[in-house]
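K.L.:
First the structure, then my questions, so here it is.
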Amino acid sequence: MRHSKIFKGLGVLAALALLATGCSSSPDKNDEVAAEGLGTATTEVAQAAKDFQGTFTYWIGLTFPESSNDLEAARIKAWGDNLGIKTEVIKVNQNEVVQQASGAIEAKSLPTAMTVPYDLMSTMATGGQLSPVPDAYTAVGEAHGGWLDSIDAATKAKSFADKIYGVPFGFFGNVLFSRADLLKEKGFDSPPKTWDELLAQSKAAQDPPTTYGMGFALSNVLDGNLTTSMMQSFGARVADDAGKKCTINSPETSTFLTWIKGAFDGGQFPPSAVTWDGAGDNNSYTSGQSIFIVNTGSVYQSMKTDDPDLAAASAYSALPAGPAAQVAPVDPRYRVVPASTSDAGKILAQDLFESLADDTYMASFMENATYGPVLKSQLEYPVFTDSPVHAGLLEQAEKGTAPAFPDTANAAYSDYQNAFSTPRMVQRVVVDKISIDKAMAEAQASCQTIYDQHAG
Amino acid sequence: MQANTNKAAAPAGAPAPAGSAGTSRRDAARGSGDAAGRSRGPGSGRRNPAVSREARLGLLLVLPAVAVIVILIGYPTISSIWYSFTDRMVGSPGHFIGLANYTRLATDSGFLSAAANLVLIVGISLLLKLVLGTLVAVILNRPMPGRNLWRLLVMLPWAMPGFVAFMGLRLMFESPYGAINVALESFTSPVPFLSDPTWARISVVLATVWRGFPFWAISILAALQTIPKELYEAARMDGASTWQQFVNITVPQIRSTVAVIAVISAIWTANGFENIWLMTQGGPSTTTMTFPVLSFLSLQSRQLGQAAAYAVVILPVMALFIMLLSRRKKEI
Amino acid sequence: MQKRGRLTTLLGMAFLALLVVPPVYYMVIASLKPRSAIYRTPSWLPERSSLDNYAKVLFNDHFLVNIGNSLIVALMTTLLAMILGVLAAYAIARFKFPGRNVASQLILMSYLTPMVLLFIPLSVVVGNLGLADTLPGLILVYLTFAVPLCTWLILGHFREFPVDLEEAASIDGATKMRTLVSILLPVSAPALATAASLAFMMAWGELFLALTFVKGQAVMTAPVALQHMSTGDVQQYGPIMAGAVLSAIPVLVVYYISQRWVVQGASEGAFKG
């Protein structure tokens with residue numbers, strides 16, 4: 001009696017689940033764009049498609065908004081259908097990609113191809129987990145007017161030892177969002193060009209506890225790593241030019257920490273900035289609490305639909321410069337092929353990368369996403385003139401700095417960043433109120449531990 | 001009204017043989033040892049095949065569970081302990097480096113904070129869950145209109161997936177647009193519930209307790225339902241007050257259940273990751289840092305050896321705690 | 001006396017309501033709101049409410065598929081863990097065999113290792129078994145917490161239960177296994193139901209391991225799918241809370257059924273006793 005009740009309940013739920021699966025084949029308006037420009041395969045690719053065993057799995061980076069992920073998934077499926085191979089697209093949230101890749105590396109279950117941030121490409125390449133893709137890199141570059149210089153430099157960084165491990169398709173950048181409406185009231189007509197100008201504007205325009213100037217995360221999240229760029233713009237360095245010895249403990253770092261401590265103690269940061277999660281700065285800006293934030297553009301995309309007034313009241317500009325330099329690193333996203341992929345899979349993956357770079361498709365993809373351009377042909381996409389935040393990204397593509405600059409990009413630097421080392425050092429000073437010298441010494445020690453592991 | 005309680009409690013209380021229930025439960029705790037002794041009794045006399053048959057059946061019955069534990073937990077745990085003595089990184093085997101991952105902890109502010117929080121956050125959460133869980137269980141054990149619905153209501157914090165509960169709670173504590181600050185708007189300026197070091201600890205404890213107390217409440221409720229009503233009737237006839245009944249009957253009767261829950265809950269709370277990660281990421285600075293979060297942060301930079309050391313270093317503490325509690329449980 | 005009792009009951013009900021309702025209420029109204037109403041104009045009133053988030057979760061994200069996956073995983077985990085747990089607990093509580101103490105210590109200690117650390121070695125095991133990214137793989141992984149939990153809870157109960165009844169049965173010629181099924185299990189219904197509902201709930205809501213072990217759209221469990229609704233650095237509280245409300249329903253149903261079962265099972269046991 002009671003069992004039959006349980007089973008009845010299960011039956012209903014199972015039926016609902018089936019119903020949902022049945023509905024999922026709704027027509028996709030992206031189908032046309034997704035299938036754009038898929039021609040006949042070359043003999044080599046056709047042969048590889050015949051040889052390829054199993055399912056071609058691609059991990060795409062899940063980013064905001066959802067429509068861009070759907071479009072990319074549709075494109076990959078269309079490509080596979082065209083070649084007659086089975087494809088599966090797995091969406092990996094960008095916040096978990098390190099964890100996911102770590103598990104898959106250890107379990108030897110990496111996908112056929114995947115999208116990774118620069119840091120992960122760097123650590124995976126150093127660990128011998130990636131297969132070089134020079135042909136696809138050259139082919140895509142040639143077909144689309146060539147790579148932008150900053151991107152080309154990042155891809156050919158010294159630590160890769162003359163090998164090319166990935167094909168970039170866009171970059172995450174840093175656009176300074178500012179509340180032009182509030183700043184104009186105080187007589188500031190243009191966004192700040194330096195961090196000191198930003199501090200001055202912030203002091204003048206903020207009205208705590210309603211609004212605060214500097215909505216920059218100081219917590220243990222990736223957004224907190226903006227403090228590394230700030231630190232570098234003060235002339236400080238994470239490590240020496242050889243990328244082996246940490247040099248955090250320096251007068252420049254001390255100047256930076258003194259500056260940021262002054263701003264924090266002076267009440268320029270929203271108090272909650274020290275425990276914001278990955279969305280904290282975004283939420284703070286969209287709730288009207290912060291006057292300045294730095295974001296790659298997802299906030300703009302969400303404001304466009306949720307709060308068009310706020311989007312119109314905002315200005316979008318390049319990251320301010322420090323006393324020593326302007327550090328605005330581009331963070332290119334790469335399509336890579338794991339070393340574990342079969343030979344046929346490697347050929348197919350490179351063909352996929354070429355077909356994903358198609359300009360008609362990419363223009364539509366960029367429209368929906370928040371990436372900056374990496375190829376010269378992409379500079380012509382309408383979105384980079386129509387959308388103010390994309391225009392900011394375009395500007396960064398031309399003027400921005402290479403990843404890790406002025407530091408040396410290598411796996412150790414990536415792991416330093418992945419451990420949120422700089423924001424943790426800043427928190428030691430502003431929250432725990434320990435002396436700047438002690439905080440630097442601690443950060444120096446933990447940094448050296450990371451660098452030493454890579455040396456051995 | 002009172003009669004109702006008894007009716008509801010009666011069937012659940014019935015497993016223990018009527019009459020001598022109170023004492024027989026206590027006997028039973030020792031009884032398992034006796035039972036084994038007794039069944040061994042006749043066998044040892046003449047090397048009865050029944051004994052080895054019993055042993056074989058016993059082994060056969062535990063085998064599947066033990067196999068699962070050895071393969072799925074034993075192997076990973078031992079590999080983790082081994083990792084903690086190496087500088088292993090994801091994708092590369094690393095070298096044996098002795099205790100270096102451990103000696104580093106002595107100067108690690110995150111480690112010292114996590115050790116303190118093992119008492120402050122985990123300990124206080126447990127204590128509050130005990131008090132709140134017992135209180136709620138006692139309330140739910142009383143007759144009340146729509147009692148089954150109230151029981152469902154109390155389950156709610158536990159019924160939603162953990163990470164959703166903590167995301168929702170973050171939305172409560174957030175400053176300035178969090179729900180609590182919205183409610184307090186006309187009384188005070190926004191309270192930094194998650195970013196002030198003291199408030200952050202309090203908020204994390206409250207969130208952990210809110211999410212976890214239903215487990216204590218339903219488990220204690222189940223224990224309350226097995227207390228024979230005769231005990232209370234006898235006590236009432238002796239003129240015992242409600243409080244005296246609670247102290248003299250209820251508390252001893254649920255003590256062993258509470259010991260079990262305490263062990264489980266202590267491990268869950270000490271190993272809890274989502275509660276801290278989703279609320280504060282261990283911050284501000286290292287104020288709410290715990291060992292799992294430290295471990296996770298090391299994993300982010302793929303330092304498997306260091307991550308393992310953070311996880312392994314609390315094993316002896318937890319093992320000691322569990323042994324103490326399980327020993328206590330046997331005494332009861 | 002009557003009056004005081006009623007007052008206490010009322011106070012108790014008010015306390016429970018105050019304790020549980022406010023956060024739940026806020027989460028539910030958040031599930032009805034657009035993003036900007038959660039951040040820009042936060043309020044305890046259900047302003048600008050609509051069912052849009054639910055529609056998105058159910059029809060765009062096909063959340064019921066994920067609920068179905070979670071149901072399969074949670075039910076199978078519970079079933080397997082209960083079978084293994086009952087057998088092991090029975091053996092440890094009632095049989096004399098070499099290694100008995102080792103086994104019981106092993107079960108207790110196997111709780112200790114934090115999942116944050118286990119997932120890498122575990123993914124090696126699951127990968128070698130060829131179960132990566134499958135529901136059976138995840139079920140296997142969940143047995144790591146469900147088996148020790150169930151075994152231990154059931155063992156505690158078996159140990160407390162007097163052996164007299166079983167001995168009487170064995171004098172009547174019943175075998176050990178028959179005694180387990182016909183005597184011990186029925187009277188243990190409340191403990192079994194508690195253990196089972198705990199295992200079910202833990203498997204139902206688990207996120208950290210699921211993120212690693214089920215990545216594909218078709219095999220994602222409900223928490224993974226909800227987590228995916230926060231894409232990149234933009235949190236979608238509305239749809240997530242809508243999904244949370246939907247995914248809490250099956251747990252409540254299971255708890256409700258198990259509650260009835262507890263009472264029923266216990267009373268059946270009483271008659272047999």
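Every chain in the structure tokens takes a letter, A first, then B, and so on in the order presented; its residues are numbered from 1, and the ligands are numbered from 1 following the presented order.
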Taking only C-alpha atoms into account and nothing else, which residues of chain B lie no more than 8 Å away from chain A? Please answer as a ChimeraX atom specification.
P.N.:
/B:87,90-92,174-177,189-190,192,194-197,278-285,297-302
K.L.:
Could you make a table, as a Markdown table, of the residues of stretch 134-164 of chain C that have an atom within 10 Å of an atom of stretch 119-129 of chain C, each with its nearest atom pair and distance in Å to one decimal, counting only C-alpha atoms, in chain and number order?
P.N.:
```
| residue | atom | partner | partner_atom | distance |
| --- | --- | --- | --- | --- |
| C:Thr134 | CA | C:Val126 | CA | 9.7 |
| C:Pro136 | CA | C:Val126 | CA | 9.7 |
| C:Gly137 | CA | C:Val126 | CA | 6.2 |
| C:Leu138 | CA | C:Val126 | CA | 8.6 |
| C:Leu140 | CA | C:Val126 | CA | 8.1 |
| C:Val141 | CA | C:Leu122 | CA | 7.4 |
| C:Thr144 | CA | C:Leu122 | CA | 9.7 |
```
K.L.:
Report the closest atom pair, with its distance in Å rounded to one decimal, for each residue of chain A that has an atom no farther than 6 Å from chain C; count only C-alpha atoms, sort by chain and then rising residue number, and write it as JSON lines.
P.N.:
```
{"residue": "A:Ala17", "atom": "CA", "partner": "C:Val65", "partner_atom": "CA", "distance": 4.9}
{"residue": "A:Ala20", "atom": "CA", "partner": "C:His62", "partner_atom": "CA", "distance": 5.8}
{"residue": "A:Leu62", "atom": "CA", "partner": "C:Thr231", "partner_atom": "CA", "distance": 5.9}
{"residue": "A:Thr63", "atom": "CA", "partner": "C:Gly232", "partner_atom": "CA", "distance": 4.4}
{"residue": "A:Phe64", "atom": "CA", "partner": "C:Thr231", "partner_atom": "CA", "distance": 5.1}
{"residue": "A:Ile90", "atom": "CA", "partner": "C:Gly216", "partner_atom": "CA", "distance": 5.3}
{"residue": "A:Gln94", "atom": "CA", "partner": "C:Gly232", "partner_atom": "CA", "distance": 5.6}
{"residue": "A:Gln100", "atom": "CA", "partner": "C:Thr212", "partner_atom": "CA", "distance": 5.8}
{"residue": "A:Gly103", "atom": "CA", "partner": "C:Ile120", "partner_atom": "CA", "distance": 5.2}
{"residue": "A:Ala107", "atom": "CA", "partner": "C:Val124", "partner_atom": "CA", "distance": 4.0}
{"residue": "A:Gly278", "atom": "CA", "partner": "C:Asp233", "partner_atom": "CA", "distance": 5.6}
{"residue": "A:Ala279", "atom": "CA", "partner": "C:Asp233", "partner_atom": "CA", "distance": 5.0}
{"residue": "A:Ser287", "atom": "CA", "partner": "C:Arg40", "partner_atom": "CA", "distance": 4.0}
{"residue": "A:Asp306", "atom": "CA", "partner": "C:Ser36", "partner_atom": "CA", "distance": 5.8}
```
K.L.:
With N, CA and C atoms retained, could you export that selection as a tab-separated table (two decimals), in the first residue's frame?
P.N.:
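After the write, again14.tsv holds the following:
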```
chain	number	residue	atom	x	y	z
A	17	ALA	N	9.88	14.34	-16.10
A	17	ALA	CA	11.24	14.43	-16.63
A	17	ALA	C	11.27	14.08	-18.11
A	20	ALA	N	9.89	16.83	-20.18
A	20	ALA	CA	10.84	17.92	-20.35
A	20	ALA	C	11.87	17.57	-21.43
A	62	LEU	N	31.77	28.50	-19.64
A	62	LEU	CA	30.44	29.05	-19.41
A	62	LEU	C	30.58	30.51	-18.97
A	63	THR	N	30.10	31.43	-19.79
A	63	THR	CA	30.19	32.84	-19.42
A	63	THR	C	28.84	33.49	-19.61
A	64	PHE	N	28.73	34.70	-19.08
A	64	PHE	CA	27.49	35.43	-19.22
A	64	PHE	C	27.51	36.19	-20.55
A	90	ILE	N	30.31	20.27	-23.33
A	90	ILE	CA	30.14	20.34	-21.89
A	90	ILE	C	30.46	21.75	-21.45
A	94	GLN	N	33.33	29.08	-15.59
A	94	GLN	CA	34.68	29.63	-15.56
A	94	GLN	C	35.30	29.62	-14.17
A	100	GLN	N	38.03	21.59	-12.19
A	100	GLN	CA	37.58	20.59	-13.14
A	100	GLN	C	38.75	20.00	-13.91
A	103	GLY	N	40.97	17.68	-11.70
A	103	GLY	CA	40.39	16.35	-11.55
A	103	GLY	C	40.58	15.54	-12.81
A	107	ALA	N	42.70	12.12	-13.38
A	107	ALA	CA	41.93	10.94	-13.76
A	107	ALA	C	42.17	10.57	-15.22
A	278	GLY	N	32.61	36.17	-6.23
A	278	GLY	CA	32.98	36.54	-7.60
A	278	GLY	C	32.03	37.55	-8.22
A	279	ALA	N	30.81	37.64	-7.69
A	279	ALA	CA	29.83	38.56	-8.26
A	279	ALA	C	29.67	39.81	-7.40
A	287	SER	N	23.57	47.48	-7.71
A	287	SER	CA	22.70	47.93	-6.63
A	287	SER	C	22.89	49.42	-6.37
A	306	ASP	N	18.37	44.41	-17.56
A	306	ASP	CA	17.75	44.58	-16.24
A	306	ASP	C	17.57	46.04	-15.83
```
K.L.:
Please identify every residue of stretch 122-216 of chain B that has at least one atom no farther than 12 Å from an atom of stretch 239-248 of chain C, counting only C-alpha atoms, and for each give the shortest atom pair and the distance in Å to one decimal, arranged by chain then increasing number, as CSV.
P.N.:
```
residue,atom,partner,partner_atom,distance
B:Leu152,CA,C:Ala248,CA,11.0
B:Leu153,CA,C:Ala248,CA,11.4
B:Met155,CA,C:Ala248,CA,9.8
B:Leu156,CA,C:Ala248,CA,7.6
B:Pro157,CA,C:Ala248,CA,9.3
B:Trp158,CA,C:Ala248,CA,8.8
B:Ala159,CA,C:Ala248,CA,5.3
B:Met160,CA,C:Ala248,CA,4.8
B:Pro161,CA,C:Ala244,CA,7.1
B:Gly162,CA,C:Ala244,CA,9.8
B:Phe163,CA,C:Ala244,CA,9.7
B:Val164,CA,C:Ala244,CA,6.5
B:Ala165,CA,C:Ala244,CA,8.4
B:Phe166,CA,C:Met241,CA,11.3
B:Met167,CA,C:Met241,CA,9.0
B:Gly168,CA,C:Met241,CA,7.7
B:Leu169,CA,C:Met241,CA,11.4
B:Leu171,CA,C:Met241,CA,10.9
```
K.L.:
Give me the residues within 9 Å of B:Leu126 as number ranges by chain, counting only C-alpha atoms and dropping any in the same chain fewer than 2 places off.
P.N.:
B: 121-124, 128-131, 209, 262, 265-266, 269
K.L.:
Deliver the residues from the most recent selection as a file, using N, CA and C atoms, as a CSV table (one decimal), in the first residue's frame.
P.N.:
```csv
chain,number,residue,atom,x,y,z
B,121,ILE,N,34.2,28.5,15.4
B,121,ILE,CA,33.0,28.4,14.5
B,121,ILE,C,32.4,27.0,14.6
B,122,VAL,N,33.2,26.0,14.5
B,122,VAL,CA,32.7,24.6,14.6
B,122,VAL,C,32.1,24.3,15.9
B,123,GLY,N,32.9,24.6,17.0
B,123,GLY,CA,32.4,24.3,18.4
B,123,GLY,C,31.1,25.0,18.7
B,124,ILE,N,31.1,26.4,18.5
B,124,ILE,CA,29.9,27.1,18.9
B,124,ILE,C,28.7,26.7,18.0
B,128,LEU,N,25.2,25.4,19.6
B,128,LEU,CA,23.9,26.1,19.3
B,128,LEU,C,23.0,25.1,18.6
B,129,LYS,N,23.5,24.2,17.7
B,129,LYS,CA,22.6,23.3,17.1
B,129,LYS,C,22.0,22.3,18.1
B,130,LEU,N,22.8,21.9,19.1
B,130,LEU,CA,22.3,21.1,20.1
B,130,LEU,C,21.2,21.7,20.9
B,131,VAL,N,21.4,23.0,21.3
B,131,VAL,CA,20.3,23.6,22.1
B,131,VAL,C,19.1,23.8,21.2
B,209,VAL,N,24.3,27.2,11.7
B,209,VAL,CA,23.3,26.6,12.6
B,209,VAL,C,21.9,26.5,11.9
B,262,ALA,N,26.1,14.2,17.5
B,262,ALA,CA,27.2,15.2,17.7
B,262,ALA,C,28.4,14.7,16.9
B,265,SER,N,27.6,15.4,13.2
B,265,SER,CA,27.5,16.8,12.9
B,265,SER,C,28.8,17.5,13.0
B,266,ALA,N,29.6,17.1,14.0
B,266,ALA,CA,30.9,17.7,14.2
B,266,ALA,C,31.8,17.4,13.0
B,269,THR,N,30.4,19.6,10.1
B,269,THR,CA,30.7,21.0,10.3
B,269,THR,C,32.2,21.3,10.1
```
K.L.:
Please indicate the distance in Å from atom CA of B:Ala67 to atom CA of C:Ala89, rounded to one decimal place.
P.N.:
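The value is 14.3 Å.
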K.L.:
For the structure I just gave you, how does DSSP split stretch 76-179 of chain B - specifically, which residues are helix (DSSP H, G or I)? Reply as a PyMOL selection string.
P.N.:
chain B and resi 76-83+100-107+109-141+147-159+162-173+179
K.L.:
With only C-alpha atoms as the counted atoms, please give the residues lying no more than 8 Å from stretch 343-346 of chain A, apart from itself and same-chain residues fewer than 5 positions off, as a list of chain:residue names.
P.N.:
A:Ala48, A:Ala49, A:Asp51, A:Phe52, A:Phe56, A:Thr112, A:Val337
K.L.:
If I take atom CA of B:Val68 and atom CA of C:Leu131, how far is one from the other in Å, to one decimal?
P.N.:
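Atom CA of C:Leu131 lies 15.4 Å from atom CA of B:Val68.
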K.L.:
Of the residues B:Leu105, B:Leu324, B:Val136, B:Ile81, which is the one nearest to chain C, using only C-alpha atoms?
P.N.:
B:Val136
K.L.:
Return as a PyMOL selection string the full set of residues in stretch 6-252 of chain B whose backbone-based DSSP assignment is strand (DSSP E or B).
P.N.:
chain B and resi 86+89+92+96
K.L.:
Just give me the gap between atom CA of B:Thr208 and atom CA of B:Ala311 in Å, one decimal is fine.
P.N.:
20.2 Å
K.L.:
Give me the residues near A:Trp79 as a ChimeraX atom specification, where near means some atom within 10 Å (using only C-alpha atoms) and where sequence neighbours in that chain fewer than 6 positions away do not count.
P.N.:
/A:34-39,73,85-87,351-352,355-356
